[in-house]
>>> print(open('structure02.tsv').read())   # TSV, C-alpha atoms and all ligand atoms
chain	number	residue	atom	x	y	z
A	1	MET	CA	132.27	139.73	175.52
A	2	LEU	CA	133.99	136.36	175.09
A	3	ASN	CA	137.75	136.38	174.79
A	4	ALA	CA	139.69	134.91	171.83
A	5	ALA	CA	140.89	131.88	173.81
A	6	GLU	CA	137.31	130.93	174.77
A	7	VAL	CA	136.21	131.20	171.15
A	8	GLU	CA	139.19	129.13	169.91
A	9	THR	CA	138.51	126.42	172.49
A	10	ALA	CA	134.89	126.30	171.32
A	11	MET	CA	136.05	126.08	167.68
A	12	ARG	CA	138.31	123.12	168.53
A	13	ARG	CA	135.33	121.44	170.13
A	14	ALA	CA	133.21	122.24	167.05
A	15	LEU	CA	135.87	120.60	164.82
A	16	ALA	CA	135.86	117.52	167.05
A	17	LEU	CA	132.05	117.38	166.81
A	18	ALA	CA	132.24	117.78	163.01
A	19	ALA	CA	134.52	114.72	162.83
A	20	ARG	CA	131.64	112.60	164.15
A	21	GLY	CA	129.74	113.13	160.88
A	22	PRO	CA	130.14	110.92	157.82
A	23	ALA	CA	133.14	111.80	155.62
A	24	ILE	CA	131.31	110.57	152.51
A	25	GLY	CA	128.38	111.92	150.54
A	26	PRO	CA	127.54	115.35	149.12
A	27	ASN	CA	127.49	117.35	152.37
A	28	PRO	CA	130.39	118.69	154.44
A	29	ARG	CA	131.14	117.61	157.97
A	30	VAL	CA	130.25	120.56	160.20
A	31	GLY	CA	130.21	121.10	163.96
A	32	CYS	CA	128.70	123.88	166.07
A	33	VAL	CA	129.00	124.99	169.69
A	34	ILE	CA	126.75	127.59	171.31
A	35	LEU	CA	128.27	129.72	174.06
A	36	SER	CA	126.30	131.77	176.57
A	37	ALA	CA	127.21	135.44	177.08
A	38	GLY	CA	129.31	134.27	180.05
A	39	GLY	CA	131.26	131.73	177.94
A	40	ALA	CA	129.54	128.51	179.07
A	41	VAL	CA	128.87	125.81	176.47
A	42	ILE	CA	125.08	125.58	176.33
A	43	GLY	CA	124.55	123.75	173.04
A	44	GLU	CA	126.39	121.42	170.67
A	45	GLY	CA	125.58	119.81	167.36
A	46	TRP	CA	127.01	118.29	164.21
A	47	HIS	CA	125.75	117.30	160.81
A	48	ARG	CA	124.93	113.61	160.58
A	49	GLY	CA	124.68	113.45	156.77
A	50	ALA	CA	122.44	114.36	153.83
A	51	GLY	CA	118.76	114.79	154.73
A	52	THR	CA	119.42	115.43	158.44
A	53	VAL	CA	119.48	118.82	160.19
A	54	HIS	CA	122.58	120.97	159.82
A	55	ALA	CA	125.04	121.42	162.70
A	56	GLU	CA	123.70	124.86	163.73
A	57	VAL	CA	120.11	123.60	163.97
A	58	ALA	CA	121.26	120.47	165.82
A	59	ALA	CA	123.08	122.74	168.31
A	60	LEU	CA	120.01	125.00	168.71
A	61	ASN	CA	117.87	121.90	169.25
A	62	SER	CA	120.21	120.78	172.04
A	63	LEU	CA	119.72	123.97	174.12
A	64	PRO	CA	118.10	123.50	177.52
A	65	ASN	CA	115.29	125.86	176.37
A	66	PRO	CA	114.78	127.91	173.18
A	67	ASP	CA	115.28	131.22	175.04
A	68	ALA	CA	118.86	130.23	175.93
A	69	ALA	CA	119.95	131.27	172.41
A	70	ARG	CA	119.06	134.95	173.04
A	71	GLY	CA	122.32	136.91	173.18
A	72	ALA	CA	124.43	133.75	172.70
A	73	THR	CA	127.36	133.13	170.32
A	74	ALA	CA	127.36	130.32	167.74
A	75	VAL	CA	130.82	128.94	166.92
A	76	VAL	CA	130.66	126.90	163.73
A	77	THR	CA	133.33	125.27	161.54
A	78	LEU	CA	131.80	126.35	158.19
A	79	GLU	CA	129.99	129.57	157.28
A	80	PRO	CA	126.27	129.01	158.04
A	81	CYS	CA	124.39	128.27	154.83
A	82	ASN	CA	121.92	130.56	153.13
A	83	HIS	CA	120.23	127.80	151.20
A	84	THR	CA	116.88	126.06	151.34
A	85	GLY	CA	117.45	122.43	150.43
A	86	ARG	CA	115.98	119.53	152.33
A	87	THR	CA	116.40	121.78	155.41
A	88	GLY	CA	115.96	125.59	155.74
A	89	PRO	CA	118.84	128.11	155.75
A	90	CYS	CA	120.93	127.93	158.93
A	91	SER	CA	121.47	131.69	158.84
A	92	ASP	CA	117.68	132.19	159.25
A	93	ALA	CA	117.50	129.61	162.05
A	94	LEU	CA	120.28	131.42	163.97
A	95	ILE	CA	118.61	134.82	163.48
A	96	ALA	CA	115.20	133.50	164.53
A	97	ALA	CA	116.69	131.92	167.67
A	98	GLY	CA	118.15	135.26	168.79
A	99	ILE	CA	121.87	134.46	168.35
A	100	THR	CA	123.74	137.78	168.38
A	101	ARG	CA	127.25	136.68	167.31
A	102	VAL	CA	128.43	134.03	164.86
A	103	VAL	CA	132.06	132.92	164.55
A	104	TYR	CA	133.08	130.55	161.76
A	105	ALA	CA	136.31	129.06	160.45
A	106	VAL	CA	135.96	128.73	156.64
A	107	ALA	CA	133.70	130.39	154.07
A	108	ASP	CA	131.20	128.15	152.26
A	109	PRO	CA	132.27	127.97	148.58
A	110	GLY	CA	129.00	126.34	147.43
A	111	ASP	CA	127.10	128.21	144.68
A	112	ASP	CA	123.77	127.47	146.36
A	113	SER	CA	124.76	127.66	149.98
A	114	ARG	CA	127.19	130.61	150.26
A	115	GLY	CA	126.08	134.04	151.49
A	116	GLY	CA	125.05	133.10	155.02
A	117	ALA	CA	127.55	135.55	156.57
A	118	SER	CA	126.12	138.56	154.74
A	119	ARG	CA	122.55	137.43	155.50
A	120	LEU	CA	123.48	137.27	159.22
A	121	ALA	CA	125.29	140.63	159.15
A	122	GLY	CA	122.31	142.19	157.36
A	123	ALA	CA	120.11	141.08	160.26
A	124	GLY	CA	122.44	142.77	162.77
A	125	VAL	CA	124.32	139.67	163.94
A	126	VAL	CA	128.05	140.24	164.65
A	127	VAL	CA	129.94	137.92	162.29
A	128	GLU	CA	133.59	136.92	162.56
A	129	ALA	CA	135.35	134.67	160.02
A	130	GLY	CA	138.66	132.80	159.97
A	131	VAL	CA	139.00	131.41	163.52
A	132	LEU	CA	141.18	128.25	163.22
A	133	GLU	CA	140.80	128.59	159.47
A	134	ASN	CA	143.91	126.49	158.64
A	135	GLU	CA	142.76	123.61	160.83
A	136	ALA	CA	139.26	123.68	159.30
A	137	GLU	CA	140.71	123.94	155.75
A	138	ALA	CA	142.83	120.85	156.41
A	139	PHE	CA	139.91	118.98	158.00
A	140	LEU	CA	137.53	119.75	155.10
A	141	HIS	CA	140.18	119.69	152.36
A	142	THR	CA	138.55	116.98	150.24
A	143	TRP	CA	135.07	118.53	150.32
A	144	LEU	CA	136.27	122.13	149.90
A	145	THR	CA	138.46	121.17	146.92
A	146	SER	CA	135.57	119.36	145.28
A	147	VAL	CA	133.06	122.18	145.74
A	148	ARG	CA	135.55	124.85	144.66
A	149	LEU	CA	136.46	122.92	141.48
A	150	GLU	CA	132.92	121.62	140.83
A	151	ARG	CA	134.25	118.10	140.34
A	152	PRO	CA	135.07	115.27	142.75
A	153	PHE	CA	138.36	115.41	144.66
A	154	VAL	CA	140.45	112.80	142.81
A	155	THR	CA	142.67	110.32	144.63
A	156	LEU	CA	144.82	108.21	142.29
A	157	LYS	CA	146.14	104.96	143.71
A	158	TRP	CA	148.51	102.44	142.25
A	159	ALA	CA	150.56	99.54	143.58
A	160	SER	CA	153.94	98.90	142.02
A	161	THR	CA	157.34	97.39	142.55
A	162	LEU	CA	160.25	99.61	143.54
A	163	ASP	CA	161.04	99.95	139.84
A	164	GLY	CA	157.54	101.24	139.13
A	165	ARG	CA	156.14	98.09	137.47
A	166	THR	CA	152.56	96.95	138.01
A	167	ALA	CA	152.68	93.56	136.27
A	168	ALA	CA	155.15	90.91	135.09
A	169	ALA	CA	155.95	90.26	131.41
A	170	ASP	CA	153.08	87.73	131.15
A	171	GLY	CA	150.59	90.24	132.61
A	172	THR	CA	150.27	88.60	136.04
A	173	SER	CA	150.02	91.15	138.85
A	174	ARG	CA	148.44	89.41	141.86
A	175	TRP	CA	149.74	90.22	144.29
A	176	ILE	CA	152.42	92.87	144.12
A	177	THR	CA	151.80	94.24	147.61
A	178	GLY	CA	151.12	92.44	150.89
A	179	THR	CA	147.93	91.97	152.89
A	180	ALA	CA	148.36	95.11	155.05
A	181	SER	CA	148.52	97.29	151.94
A	182	ARG	CA	145.58	95.58	150.30
A	183	GLN	CA	143.48	95.93	153.44
A	184	ARG	CA	144.32	99.65	153.56
A	185	VAL	CA	143.12	100.00	149.97
A	186	HIS	CA	139.76	98.51	150.94
A	187	GLU	CA	139.45	101.04	153.77
A	188	GLN	CA	140.34	103.86	151.38
A	189	ARG	CA	137.71	102.64	148.93
A	190	ALA	CA	135.14	102.68	151.74
A	191	ALA	CA	136.06	106.30	152.51
A	192	SER	CA	135.27	107.38	148.93
A	193	ASP	CA	132.03	108.06	147.07
A	194	ALA	CA	133.09	106.39	143.82
A	195	ILE	CA	135.78	104.01	142.49
A	196	ILE	CA	136.90	104.74	138.94
A	197	VAL	CA	138.59	102.24	136.61
A	198	GLY	CA	139.27	102.11	132.88
A	199	THR	CA	137.58	99.62	130.56
A	200	GLY	CA	140.98	97.90	130.09
A	201	THR	CA	141.05	96.87	133.75
A	202	VAL	CA	137.46	95.60	133.65
A	203	LEU	CA	138.19	93.50	130.55
A	204	ALA	CA	141.53	92.18	131.90
A	205	ASP	CA	140.73	91.56	135.57
A	206	ASP	CA	136.91	91.45	135.92
A	207	PRO	CA	137.21	93.20	139.33
A	208	ALA	CA	134.39	93.25	141.90
A	209	LEU	CA	135.44	96.74	143.15
A	210	THR	CA	133.73	96.25	146.49
A	211	ALA	CA	135.20	97.50	149.76
A	212	ARG	CA	135.83	94.45	151.92
A	213	GLY	CA	137.15	93.67	155.38
A	214	ASP	CA	139.83	91.17	156.51
A	215	ALA	CA	137.47	88.22	156.21
A	216	GLY	CA	136.14	89.27	152.81
A	217	GLU	CA	132.94	90.75	154.28
A	218	LEU	CA	131.45	93.86	152.66
A	219	LEU	CA	132.26	97.05	154.59
A	220	GLY	CA	129.37	99.33	155.66
A	221	HIS	CA	129.83	101.90	152.90
A	222	GLN	CA	130.28	100.85	149.28
A	223	PRO	CA	131.40	103.49	146.77
A	224	ILE	CA	129.71	103.45	143.36
A	225	PRO	CA	131.89	101.82	140.68
A	226	VAL	CA	132.47	103.93	137.55
A	227	VAL	CA	133.95	102.50	134.34
A	228	VAL	CA	135.56	105.11	132.10
A	229	GLY	CA	136.00	104.35	128.40
A	230	GLU	CA	134.08	103.92	125.19
A	231	ARG	CA	133.64	100.16	125.38
A	232	PRO	CA	130.87	98.64	127.55
A	233	ALA	CA	131.64	96.32	130.45
A	234	PRO	CA	130.89	92.72	129.39
A	235	ALA	CA	127.36	91.48	130.09
A	236	GLY	CA	128.61	88.99	132.68
A	237	ALA	CA	131.11	91.35	134.39
A	238	ARG	CA	131.22	90.97	138.18
A	239	LEU	CA	130.79	94.75	138.42
A	240	ARG	CA	127.24	94.35	137.12
A	241	ALA	CA	126.38	92.64	140.43
A	242	HIS	CA	127.85	95.48	142.52
A	243	PRO	CA	125.56	96.42	145.46
A	244	ARG	CA	125.56	100.12	144.43
A	245	GLY	CA	124.91	99.49	140.71
A	246	LEU	CA	127.35	100.61	138.02
A	247	ILE	CA	128.04	103.83	136.15
A	248	GLU	CA	129.37	103.38	132.61
A	249	THR	CA	130.50	106.58	130.97
A	250	SER	CA	130.81	105.46	127.31
A	251	SER	CA	133.33	108.30	127.08
A	252	ARG	CA	137.03	109.07	127.53
A	253	ASP	CA	136.37	112.74	128.33
A	254	LEU	CA	137.60	112.86	131.92
A	255	ALA	CA	136.50	116.45	132.61
A	256	ALA	CA	132.97	115.67	131.44
A	257	VAL	CA	132.90	112.44	133.44
A	258	LEU	CA	133.99	114.24	136.62
A	259	SER	CA	131.42	117.01	136.11
A	260	GLY	CA	128.72	114.39	135.72
A	261	LEU	CA	129.82	112.63	138.90
A	262	PHE	CA	129.78	115.94	140.80
A	263	GLU	CA	126.17	116.48	139.67
A	264	LEU	CA	125.36	113.08	141.16
A	265	GLY	CA	126.66	114.28	144.55
A	266	ILE	CA	130.04	112.52	144.34
A	267	ARG	CA	132.68	114.60	146.14
A	268	HIS	CA	135.54	112.07	146.41
A	269	ALA	CA	136.56	109.68	143.63
A	270	PHE	CA	139.15	106.95	144.04
A	271	VAL	CA	140.88	106.16	140.73
A	272	GLU	CA	142.32	102.63	140.67
A	273	GLY	CA	143.79	102.54	137.16
A	274	GLY	CA	144.84	100.88	135.05
A	275	PRO	CA	147.95	102.56	133.72
A	276	THR	CA	146.31	104.08	130.64
A	277	LEU	CA	143.52	105.75	132.58
A	278	ALA	CA	145.88	106.76	135.41
A	279	SER	CA	148.21	108.42	132.89
A	280	ALA	CA	145.30	110.29	131.32
A	281	PHE	CA	144.24	111.66	134.74
A	282	VAL	CA	147.80	112.77	135.51
A	283	ALA	CA	148.31	114.29	132.04
A	284	ALA	CA	145.06	116.27	132.40
A	285	GLY	CA	146.11	117.68	135.80
A	286	LEU	CA	143.07	116.07	137.42
A	287	VAL	CA	144.76	114.34	140.37
A	288	ASP	CA	144.53	115.95	143.81
A	289	GLU	CA	146.16	113.16	145.82
A	290	TYR	CA	148.45	110.25	144.97
A	291	LEU	CA	148.52	107.05	147.02
A	292	ILE	CA	151.50	105.04	145.80
A	293	TYR	CA	152.02	101.59	147.29
A	294	LEU	CA	155.58	100.39	146.76
A	295	ALA	CA	156.49	96.73	147.24
A	296	PRO	CA	160.13	95.70	147.86
A	297	SER	CA	160.50	93.77	144.61
A	298	LEU	CA	161.65	94.36	141.04
A	299	LEU	CA	159.95	93.16	137.87
A	300	GLY	CA	161.69	95.06	135.09
A	301	GLY	CA	160.00	95.07	131.70
A	302	ASP	CA	157.61	97.58	130.21
A	303	ARG	CA	154.46	97.23	132.35
A	304	LEU	CA	154.77	100.56	134.10
A	305	ALA	CA	152.44	102.16	136.65
A	306	ILE	CA	151.92	105.11	134.31
A	307	GLY	CA	152.87	105.76	130.71
A	308	ASP	CA	152.97	108.96	128.69
A	309	ILE	CA	151.84	111.94	130.76
A	310	GLY	CA	152.90	114.56	128.25
A	311	VAL	CA	156.37	115.15	129.71
A	312	GLY	CA	158.90	115.58	126.91
A	313	THR	CA	161.86	116.91	128.84
A	314	ILE	CA	163.07	116.92	132.45
A	315	GLY	CA	162.05	120.52	133.01
A	316	GLU	CA	158.42	119.50	132.46
A	317	ALA	CA	158.50	116.80	135.17
A	318	ARG	CA	155.38	116.78	137.33
A	319	ARG	CA	156.80	117.72	140.70
A	320	LEU	CA	154.86	116.44	143.71
A	321	ARG	CA	154.90	117.21	147.39
A	322	ILE	CA	155.18	114.13	149.64
A	323	THR	CA	152.73	114.51	152.50
A	324	SER	CA	153.38	111.20	154.27
A	325	VAL	CA	155.38	107.98	154.11
A	326	GLU	CA	154.11	104.97	155.99
A	327	GLN	CA	155.35	101.39	156.26
A	328	LEU	CA	152.64	98.74	155.84
A	329	GLY	CA	154.07	95.27	156.41
A	330	ASP	CA	156.99	95.11	153.96
A	331	ASP	CA	155.54	97.82	151.71
A	332	LEU	CA	155.64	101.61	151.73
A	333	LEU	CA	152.64	103.85	151.21
A	334	ILE	CA	153.67	107.24	149.84
A	335	THR	CA	151.03	109.95	149.86
A	336	ALA	CA	151.75	112.92	147.62
A	337	ALA	CA	149.95	115.94	146.19
A	338	PRO	CA	150.50	118.45	143.40
A	339	PRO	CA	152.32	121.51	144.75
A	340	GLY	CA	149.93	124.25	143.67
A	341	PRO	CA	146.24	124.95	143.19
A	342	VAL	CA	144.40	122.85	140.59
A	343	THR	CA	142.59	124.51	137.68
A	344	PRO	CA	138.79	124.32	137.56
A	345	LEU	CA	137.14	122.28	134.80
A	346	SER	CA	136.46	124.11	131.56
A	347	HIS	CA	133.40	122.32	130.24
A	348	PRO	CA	130.91	120.87	132.68
A	349	THR	CA	128.15	118.70	131.20
A	350	GLY	CA	124.89	117.15	132.37
A	351	PRO	CA	124.52	114.32	134.87
A	352	LEU	CA	125.56	110.75	134.14
A	353	GLU	CA	123.11	107.91	134.23
A	354	ARG	CA	123.42	105.18	136.78
A	355	ASN	CA	122.40	101.60	136.00
A	356	ALA	CA	121.30	100.54	139.46
A	401	LIG	N1	148.82	97.58	139.92
A	401	LIG	C1	147.77	98.36	139.88
A	401	LIG	O1	147.64	99.25	140.73
A	401	LIG	C2	146.72	98.18	138.78
A	401	LIG	C3	145.49	98.81	138.91
A	401	LIG	C4	144.55	98.64	137.89
A	401	LIG	C5	144.87	97.84	136.77
A	401	LIG	N2	146.06	97.24	136.69
A	401	LIG	C6	146.40	96.41	135.50
A	401	LIG	O2	146.32	97.22	134.33
A	401	LIG	C7	146.00	96.39	133.22
A	401	LIG	C8	145.06	97.13	132.30
A	401	LIG	O3	145.73	98.26	131.80
A	401	LIG	P1	145.08	99.30	130.77
A	401	LIG	O4	145.99	100.46	130.73
A	401	LIG	O5	144.73	98.61	129.51
A	401	LIG	O6	143.71	99.58	131.50
A	401	LIG	P2	142.86	100.87	131.86
A	401	LIG	O7	143.69	102.06	132.07
A	401	LIG	O8	141.95	100.41	132.96
A	401	LIG	O9	141.95	101.05	130.58
A	401	LIG	C9	142.42	101.60	129.42
A	401	LIG	C10	141.23	101.98	128.56
A	401	LIG	O10	140.48	103.00	129.19
A	401	LIG	C11	139.76	103.71	128.22
A	401	LIG	N3	139.92	105.14	128.47
A	401	LIG	C12	139.04	105.87	129.20
A	401	LIG	N4	139.42	107.14	129.30
A	401	LIG	C13	140.57	107.25	128.61
A	401	LIG	C14	141.42	108.34	128.33
A	401	LIG	N5	141.13	109.58	128.77
A	401	LIG	N6	142.53	108.11	127.60
A	401	LIG	C15	142.81	106.86	127.15
A	401	LIG	N7	142.01	105.80	127.38
A	401	LIG	C16	140.91	105.98	128.09
A	401	LIG	C17	140.29	103.24	126.87
A	401	LIG	O11	139.37	102.24	126.40
A	401	LIG	P3	138.09	102.49	125.45
A	401	LIG	O12	138.51	102.03	124.11
A	401	LIG	O13	137.04	101.63	126.04
A	401	LIG	O14	137.74	103.93	125.49
A	401	LIG	C18	141.58	102.55	127.23
A	401	LIG	O15	141.95	101.55	126.33
A	401	LIG	C19	145.42	95.13	133.80
A	401	LIG	O16	146.28	94.06	133.49
A	401	LIG	C20	145.38	95.36	135.28
A	401	LIG	O17	145.69	94.19	136.01
A	401	LIG	C21	147.01	97.39	137.67
>>> encode(input="structure02.tsv", output="structure tokens")
Amino acid sequence: MLNAAEVETAMRRALALAARGPAIGPNPRVGCVILSAGGAVIGEGWHRGAGTVHAEVAALNSLPNPDAARGATAVVTLEPCNHTGRTGPCSDALIAAGITRVVYAVADPGDDSRGGASRLAGAGVVVEAGVLENEAEAFLHTWLTSVRLERPFVTLKWASTLDGRTAAADGTSRWITGTASRQRVHEQRAASDAIIVGTGTVLADDPALTARGDAGELLGHQPIPVVVGERPAPAGARLRAHPRGLIETSSRDLAAVLSGLFELGIRHAFVEGGPTLASAFVAAGLVDEYLIYLAPSLLGGDRLAIGDIGVGTIGEARRLRITSVEQLGDDLLITAAPPGPVTPLSHPTGPLERNA
């Protein structure tokens, strides 16, 4: 029997393997280590993205010979799935290979994929949950939040002066923050599945909404741009030439929009404003993470980062928890989150159409 320290070491390795997978797309990043009865690492695998084998199968495939799995322990960061999608259920693959013990960190919340642990236990495999659960929860926070809420994890970003203004009296706003901040925003875009803006921003700024590097080159992953609002983007809008196409919602119903994006496989949405749309997301309690770029300048006036969020009195203030503060050039990046759990959506709808 393996001891707890050996299993924890293997779980740390499985988390490190999981981090090699892509952080974007519909599937979670998962890692798996297979230990022999004597505690030696005999197999390793991780999920390389949608349409490729899951971590458990990758680890089984890496064994020196198929018989090596007999009597072995699989240590995996997420409960093995019980779902036949583009690949078969991992629980069945582990049973068929002769694995006798499975240890995992976090339960799979997916409607289609959960249930692997009971399938394994039903086949006589010893199953243990919750090893390094906090670490795995933190690592998979974005994906787990999205799947639990059945909507994308929402990051809201804005850039403002120290007095919370996003534009001068004449509407000019380029640039409030410095190059280091703006480059970080491009990297954050590239780490998301979708960028969301309101129709007001499209009409005012005609943004390209691509994720670009220092020299203006397109980064490897481009999130899909989504325009929220009833008005269409103009025929000649730069967004219409976006490499991923464009999603226009023709709706202000944020819950319905997010449900539709979830159906399209979008697990992480990056909301870039403007102020009206940002306020609506905050008011609806649909923000999971705030990225607030603060530049050391003052503009005064009434062009605020957010407007009415439904707070009438100080006791109703939306309290946030600051999770990090970072200096970028002369600017500060404050990352914050709501203090408690977020409520699930009340009215999911059908998928959105994408004009590719
Ligand atoms: N500093 C920054 O970080 C930043 C970022 C982005 C933009 N901006 C600036 O913001 C300015 C545009 O501001 P804005 O507030 O007019 O733009 P916005 O928030 O992008 O768009 C507002 C429009 O979104 C639509 N909308 C969609 N869902 C809505 C909802 N749930 N509630 C209300 N409206 C909804 C409405 O138009 P429909 O009639 O079409 O439904 C509304 O008029 C630009 O000047 C831009 O430069 C600054």
>>> residues_near_ligand(input="structure02.tsv", ligand="ligand LIG 401 (chain A)", cutoff="7 Å", atoms="all atoms listed in the file", output="count of residues only")
33
>>> closest_residue(input="structure02.tsv", among="A:His268, A:Arg119, A:Arg12, A:Arg101", to="Val131 of chain A", atoms="all atoms listed in the file")
A:Arg12
>>> closest_residue(input="structure02.tsv", among="A:Val33, A:Ala256, A:Val282, A:Val127", to="Ser62 of chain A", atoms="all atoms listed in the file")
A:Val33
>>> residues_around(input="structure02.tsv", residues="Ile34 of chain A", least_positions_apart="4", cutoff="9 Å", atoms="only C-alpha atoms", output="PyMOL selection string")
chain A and resi 10+40-45+56+59-60+63+69+72-76+99
>>> residues_around(input="structure02.tsv", residues="segment 208-221 of chain A", least_positions_apart="5", cutoff="6 Å", atoms="only C-alpha atoms", output="list in words")
His186, Arg189, Ala190, Arg238 and Leu239 of chain A
>>> closest_residue(input="structure02.tsv", among="A:Asp111, A:Asn65, A:Val57, A:Ala336", to="Pro89 of chain A", atoms="all atoms listed in the file")
A:Val57
>>> build_atoms(input="structure02.tsv", residues="segment 166-181 of chain A", atoms="N, CA and C atoms", output="PDB file, in the coordinates of the input")
ATOM      1  N   THR A 166     153.815  97.402 137.408  1.00  0.00           N
ATOM      2  CA  THR A 166     152.560  96.950 138.010  1.00  0.00           C
ATOM      3  C   THR A 166     152.178  95.544 137.570  1.00  0.00           C
ATOM      4  N   ALA A 167     152.959  94.936 136.689  1.00  0.00           N
ATOM      5  CA  ALA A 167     152.680  93.560 136.270  1.00  0.00           C
ATOM      6  C   ALA A 167     153.963  92.961 135.704  1.00  0.00           C
ATOM      7  N   ALA A 168     153.999  91.619 135.679  1.00  0.00           N
ATOM      8  CA  ALA A 168     155.150  90.910 135.090  1.00  0.00           C
ATOM      9  C   ALA A 168     154.963  90.839 133.567  1.00  0.00           C
ATOM     10  N   ALA A 169     155.981  90.297 132.878  1.00  0.00           N
ATOM     11  CA  ALA A 169     155.950  90.260 131.410  1.00  0.00           C
ATOM     12  C   ALA A 169     154.718  89.519 130.881  1.00  0.00           C
ATOM     13  N   ASP A 170     154.257  88.491 131.621  1.00  0.00           N
ATOM     14  CA  ASP A 170     153.080  87.730 131.150  1.00  0.00           C
ATOM     15  C   ASP A 170     151.760  88.361 131.570  1.00  0.00           C
ATOM     16  N   GLY A 171     151.824  89.536 132.224  1.00  0.00           N
ATOM     17  CA  GLY A 171     150.590  90.240 132.610  1.00  0.00           C
ATOM     18  C   GLY A 171     150.133  89.916 134.025  1.00  0.00           C
ATOM     19  N   THR A 172     150.721  88.925 134.688  1.00  0.00           N
ATOM     20  CA  THR A 172     150.270  88.600 136.040  1.00  0.00           C
ATOM     21  C   THR A 172     150.672  89.724 137.007  1.00  0.00           C
ATOM     22  N   SER A 173     149.755  90.024 137.945  1.00  0.00           N
ATOM     23  CA  SER A 173     150.020  91.150 138.850  1.00  0.00           C
ATOM     24  C   SER A 173     149.529  90.872 140.269  1.00  0.00           C
ATOM     25  N   ARG A 174     148.970  89.679 140.513  1.00  0.00           N
ATOM     26  CA  ARG A 174     148.440  89.410 141.860  1.00  0.00           C
ATOM     27  C   ARG A 174     149.375  88.499 142.605  1.00  0.00           C
ATOM     28  N   TRP A 175     149.881  88.866 143.753  1.00  0.00           N
ATOM     29  CA  TRP A 175     149.740  90.220 144.290  1.00  0.00           C
ATOM     30  C   TRP A 175     151.107  90.863 144.358  1.00  0.00           C
ATOM     31  N   ILE A 176     151.157  92.123 144.028  1.00  0.00           N
ATOM     32  CA  ILE A 176     152.420  92.870 144.120  1.00  0.00           C
ATOM     33  C   ILE A 176     152.670  93.265 145.569  1.00  0.00           C
ATOM     34  N   THR A 177     151.645  93.779 146.224  1.00  0.00           N
ATOM     35  CA  THR A 177     151.800  94.240 147.610  1.00  0.00           C
ATOM     36  C   THR A 177     151.245  93.196 148.581  1.00  0.00           C
ATOM     37  N   GLY A 178     151.535  93.387 149.861  1.00  0.00           N
ATOM     38  CA  GLY A 178     151.120  92.440 150.890  1.00  0.00           C
ATOM     39  C   GLY A 178     149.724  92.714 151.430  1.00  0.00           C
ATOM     40  N   THR A 179     149.309  91.890 152.397  1.00  0.00           N
ATOM     41  CA  THR A 179     147.930  91.970 152.890  1.00  0.00           C
ATOM     42  C   THR A 179     147.645  93.298 153.596  1.00  0.00           C
ATOM     43  N   ALA A 180     148.628  93.844 154.329  1.00  0.00           N
ATOM     44  CA  ALA A 180     148.360  95.110 155.050  1.00  0.00           C
ATOM     45  C   ALA A 180     148.034  96.220 154.055  1.00  0.00           C
ATOM     46  N   SER A 181     148.778  96.259 152.949  1.00  0.00           N
ATOM     47  CA  SER A 181     148.520  97.290 151.940  1.00  0.00           C
ATOM     48  C   SER A 181     147.145  97.069 151.308  1.00  0.00           C
TER      49      SER A 181
END
